[in-house]
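Below: the structure, in structure tokens.
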Amino acid sequence: GAILLGRCADCRIGLVGANNRNLIAAGTAAEVLSGINLVDCQRVTVSNNYIGVTRAGNRIFPGGGVAGIWVVGQGGAEQRHVLGGTQPGTGNVIAGLRNGIIVDASSYNTIAGNKIGLNAVGNGPLPIEYECVALYNQAHHTTIGSPLRGGRNYFASSLTAITIQGADNHDTLIQNNYFGLTSAGTTVLPQGDGVLICNGAHEVTVGQFRQFVQASGYVPESVRDGTGGYGFNPRYDPSRTERGDLFEGRDPRYSWQNPGFAQTDEHPVVNVTWN
């Protein structure tokens, strides 16, 4: 990497302000495969860096490296890095690479306030070939986004915005991010899949979603618009349903808290949104 930290703690890479950021041309043209590598480190803050983009933040460097930020731990070690931040000016701008941020076998990290696959202004796309954020191999207890507006991530121009891979990648919280939108939230930008959970990674459970709702004040769509969700009703006549099943549609009785059948906190949450 252009910046490589190994087995260090309590370090900072980049500070708020145009004169305090690092400008990194990660890619084969610069003979740098990744912008910033953190290997077996703890509590590193990476903020306000331009990785793969020019100083103006509106064009990419040629070559396309593997990742803008690559975090590597051992066995899911608790490392508590902050990649970006929740205050204005703390986010990183990453584009022109195969992946934005990769976290591998490192846990309890926060990814917030970044523009990945957008220009620095946030009004246009810049390419990310594969994934904006990828969590692999025990990258559990990762927080992506924040209830604070300054902590919102913006993802665009990638094959998949967020990939969570592996059974050991549990307790991931994804909140208050924009997918395939400008930073103003008014214009659609190109974007493939939003969130891909694969190879044994677990869905969000009822208990995890309840904690998220309590912490963020988020109101699910099925509750917010007053029309309700879909629910299972064994007494409902299947011939009256569009798909011929037993799910009774759009009734205020049904929500993520009451889908019409019993759930514990360990079951996957349902009835959150239909968009």
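Chain lettering (A, B, ...) mirrors the order of the structure tokens, residue numbering begins at 1 for each chain separately, and ligand numbering begins at 1 in order of display.
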
*Can you tell me, as a list of chain:residue names, what residues are no more than 12 Å from Arg149 of chain A when counting only C-alpha atoms, ignoring any on the same chain fewer than 5 positions away?*
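Once the adjacent positions are removed, what remains is A:Gly85, A:Thr86, A:Gln87, A:Pro88, A:Gly89, A:Gly91, A:Ala112, A:Gly113, A:Asn114, A:Tyr154, A:Gln175, A:Asn176, A:Asn177, A:Tyr178, A:Ser183, A:Ala184, A:Ser216.
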
*May I have the residues within 10 Å of Asp193 of chain A as a PyMOL selection string, using only C-alpha atoms and disregarding those fewer than 4 positions away in the same chain?*
chain A and resi 131+156+158-163+179-180

Would you save the residues from that selection as a PDB file, in the first residue's frame, using C-alpha atoms?
```pdb
ATOM      1  CA  GLU A 131     -17.627  -3.621  -4.089  1.00  0.00           C
ATOM      2  CA  ALA A 156     -22.610   4.306  -6.194  1.00  0.00           C
ATOM      3  CA  SER A 158     -20.231  -0.458  -8.176  1.00  0.00           C
ATOM      4  CA  LEU A 159     -21.319  -4.009  -8.870  1.00  0.00           C
ATOM      5  CA  THR A 160     -22.321  -4.371  -5.190  1.00  0.00           C
ATOM      6  CA  ALA A 161     -22.384  -1.623  -2.581  1.00  0.00           C
ATOM      7  CA  ILE A 162     -21.883  -3.857   0.491  1.00  0.00           C
ATOM      8  CA  THR A 163     -20.898  -7.530   0.556  1.00  0.00           C
ATOM      9  CA  PHE A 179     -27.243   3.759  -2.295  1.00  0.00           C
ATOM     10  CA  GLY A 180     -27.157   4.901  -5.912  1.00  0.00           C
TER      11      GLY A 180
END
```

*Gap from atom CA of Cys11 of chain A to atom CA of His81 of chain A - Å, one decimal*: 9.6 Å

*Please provide as an MDAnalysis selection string all residues within 10 Å of Asp251 of chain A, with the sequence filter that same-chain residues fewer than 3 positions apart are discarded (counting only C-alpha atoms).*
chainID A and resid 222 226:231 248 254:255

_Who sits within 8 Å of Thr54 of chain A, only C-alpha atoms, same chain under 6 positions skipped, as number ranges by chain_ = A: 23, 25, 60-61

With C-alpha atoms retained, write the just-selected residues as a short mmCIF file (atom, residue, chain, number, x, y, z; two decimals), in the first residue's frame.
```cif
data_model
loop_
_atom_site.label_atom_id
_atom_site.label_comp_id
_atom_site.auth_asym_id
_atom_site.auth_seq_id
_atom_site.Cartn_x
_atom_site.Cartn_y
_atom_site.Cartn_z
CA LEU A 23 -3.89 12.23 -1.95
CA ALA A 25 -3.06 7.39 -6.61
CA ILE A 60 -9.88 9.08 -11.24
CA PHE A 61 -6.28 8.03 -11.67
#
```

*Within 10 Å of Leu189 of chain A, counting only C-alpha atoms, which residues show up once you throw out same-chain ones fewer than 6 positions away? Write them as a VMD selection string, please.*
chain A and resid 117 to 118 123 to 126 155 to 157 179 to 182

Restricting the output to all heavy atoms, write the selected residues as a short mmCIF file (atom, residue, chain, number, x, y, z; two decimals), in the first residue's frame.
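What follows is the written file part-v4.cif:
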```
data_model
loop_
_atom_site.label_atom_id
_atom_site.label_comp_id
_atom_site.auth_asym_id
_atom_site.auth_seq_id
_atom_site.Cartn_x
_atom_site.Cartn_y
_atom_site.Cartn_z
N GLY A 117 -17.37 5.64 -4.90
CA GLY A 117 -18.02 5.56 -6.21
C GLY A 117 -18.69 6.85 -6.63
O GLY A 117 -19.47 6.86 -7.58
N LEU A 118 -18.38 7.94 -5.93
CA LEU A 118 -18.88 9.28 -6.28
C LEU A 118 -17.71 10.25 -6.29
O LEU A 118 -16.65 10.00 -5.71
CB LEU A 118 -19.91 9.78 -5.28
CG LEU A 118 -21.25 9.06 -5.16
CD1 LEU A 118 -21.16 7.91 -4.19
CD2 LEU A 118 -22.34 10.04 -4.68
N ASN A 123 -22.06 14.73 -6.51
CA ASN A 123 -23.13 14.92 -7.48
C ASN A 123 -22.95 14.14 -8.77
O ASN A 123 -23.70 14.31 -9.73
CB ASN A 123 -23.30 16.41 -7.81
CG ASN A 123 -22.06 17.01 -8.47
OD1 ASN A 123 -21.07 16.30 -8.72
ND2 ASN A 123 -22.09 18.30 -8.73
N GLY A 124 -21.92 13.27 -8.80
CA GLY A 124 -21.70 12.48 -10.00
C GLY A 124 -20.94 11.21 -9.70
O GLY A 124 -20.25 11.10 -8.69
N PRO A 125 -21.06 10.20 -10.60
CA PRO A 125 -20.43 8.89 -10.35
C PRO A 125 -18.97 8.84 -10.77
O PRO A 125 -18.56 9.48 -11.74
CB PRO A 125 -21.28 7.95 -11.21
CG PRO A 125 -21.70 8.82 -12.37
CD PRO A 125 -21.89 10.20 -11.82
N LEU A 126 -18.19 8.08 -10.03
CA LEU A 126 -16.85 7.67 -10.40
C LEU A 126 -16.77 6.17 -10.13
O LEU A 126 -17.25 5.71 -9.10
CB LEU A 126 -15.78 8.42 -9.60
CG LEU A 126 -15.64 9.92 -9.86
CD1 LEU A 126 -14.61 10.53 -8.91
CD2 LEU A 126 -15.25 10.21 -11.31
N PHE A 155 -22.85 5.41 -1.58
CA PHE A 155 -22.33 4.33 -2.41
C PHE A 155 -22.94 4.43 -3.80
O PHE A 155 -24.16 4.57 -3.95
CB PHE A 155 -22.69 2.97 -1.81
CG PHE A 155 -22.20 2.76 -0.40
CD1 PHE A 155 -23.10 2.43 0.61
CD2 PHE A 155 -20.86 2.87 -0.08
CE1 PHE A 155 -22.67 2.22 1.91
CE2 PHE A 155 -20.41 2.67 1.21
CZ PHE A 155 -21.31 2.34 2.21
N ALA A 156 -22.10 4.30 -4.82
CA ALA A 156 -22.61 4.31 -6.19
C ALA A 156 -21.57 3.68 -7.11
O ALA A 156 -20.42 3.43 -6.72
CB ALA A 156 -22.94 5.74 -6.64
N SER A 157 -21.99 3.40 -8.33
CA SER A 157 -21.12 3.03 -9.44
C SER A 157 -20.38 1.72 -9.24
O SER A 157 -19.30 1.52 -9.82
CB SER A 157 -20.09 4.15 -9.71
OG SER A 157 -20.71 5.40 -9.76
N PHE A 179 -27.69 4.71 -1.28
CA PHE A 179 -27.24 3.76 -2.30
C PHE A 179 -27.72 4.24 -3.67
O PHE A 179 -28.92 4.35 -3.90
CB PHE A 179 -27.81 2.36 -2.03
CG PHE A 179 -27.35 1.73 -0.74
CD1 PHE A 179 -27.92 2.07 0.47
CD2 PHE A 179 -26.35 0.77 -0.75
CE1 PHE A 179 -27.50 1.49 1.67
CE2 PHE A 179 -25.92 0.17 0.43
CZ PHE A 179 -26.50 0.53 1.63
N GLY A 180 -26.78 4.50 -4.57
CA GLY A 180 -27.16 4.90 -5.91
C GLY A 180 -27.84 6.24 -6.00
O GLY A 180 -28.70 6.45 -6.85
N LEU A 181 -27.44 7.17 -5.14
CA LEU A 181 -28.01 8.52 -5.13
C LEU A 181 -26.89 9.54 -4.97
O LEU A 181 -25.82 9.25 -4.42
CB LEU A 181 -29.00 8.69 -3.98
CG LEU A 181 -30.29 7.90 -4.03
CD1 LEU A 181 -31.01 7.97 -2.68
CD2 LEU A 181 -31.21 8.42 -5.14
N THR A 182 -27.14 10.75 -5.43
CA THR A 182 -26.23 11.84 -5.13
C THR A 182 -26.28 12.15 -3.64
O THR A 182 -27.19 11.71 -2.92
CB THR A 182 -26.61 13.10 -5.92
OG1 THR A 182 -27.96 13.47 -5.57
CG2 THR A 182 -26.53 12.85 -7.42
#
```

*Leu173 of chain A: which residues within 10 Å, counting only C-alpha atoms, same-chain residues fewer than 6 positions away excluded, as a PyMOL selection string?*
chain A and resi 110+140-146+204+208-209+211-212

May I have all residues of segment 100-245 of chain A that DSSP, computed from the backbone, assigns to alpha helix (DSSP H), given as a compact mmCIF listing (two decimals) with C-alpha atoms, in the first residue's frame?
```txt
# COMPACT_ATOMS: atom_id res chain seq x y z
CA VAL A 206 -35.50 -9.38 15.14
CA GLY A 207 -33.42 -8.63 18.22
CA GLN A 208 -30.74 -6.77 16.25
CA PHE A 209 -33.36 -4.74 14.39
CA ARG A 210 -35.09 -3.84 17.67
CA GLN A 211 -31.78 -2.53 19.04
CA PHE A 212 -31.27 -0.50 15.86
CA VAL A 213 -34.77 1.03 16.10
CA GLN A 214 -34.25 1.95 19.74
CA ALA A 215 -30.83 3.47 19.11
CA SER A 216 -31.63 5.39 15.92
CA GLU A 221 -41.89 1.91 6.19
CA SER A 222 -44.67 -0.53 7.07
CA VAL A 223 -45.35 1.54 10.20
CA ARG A 224 -44.51 5.03 8.94
```
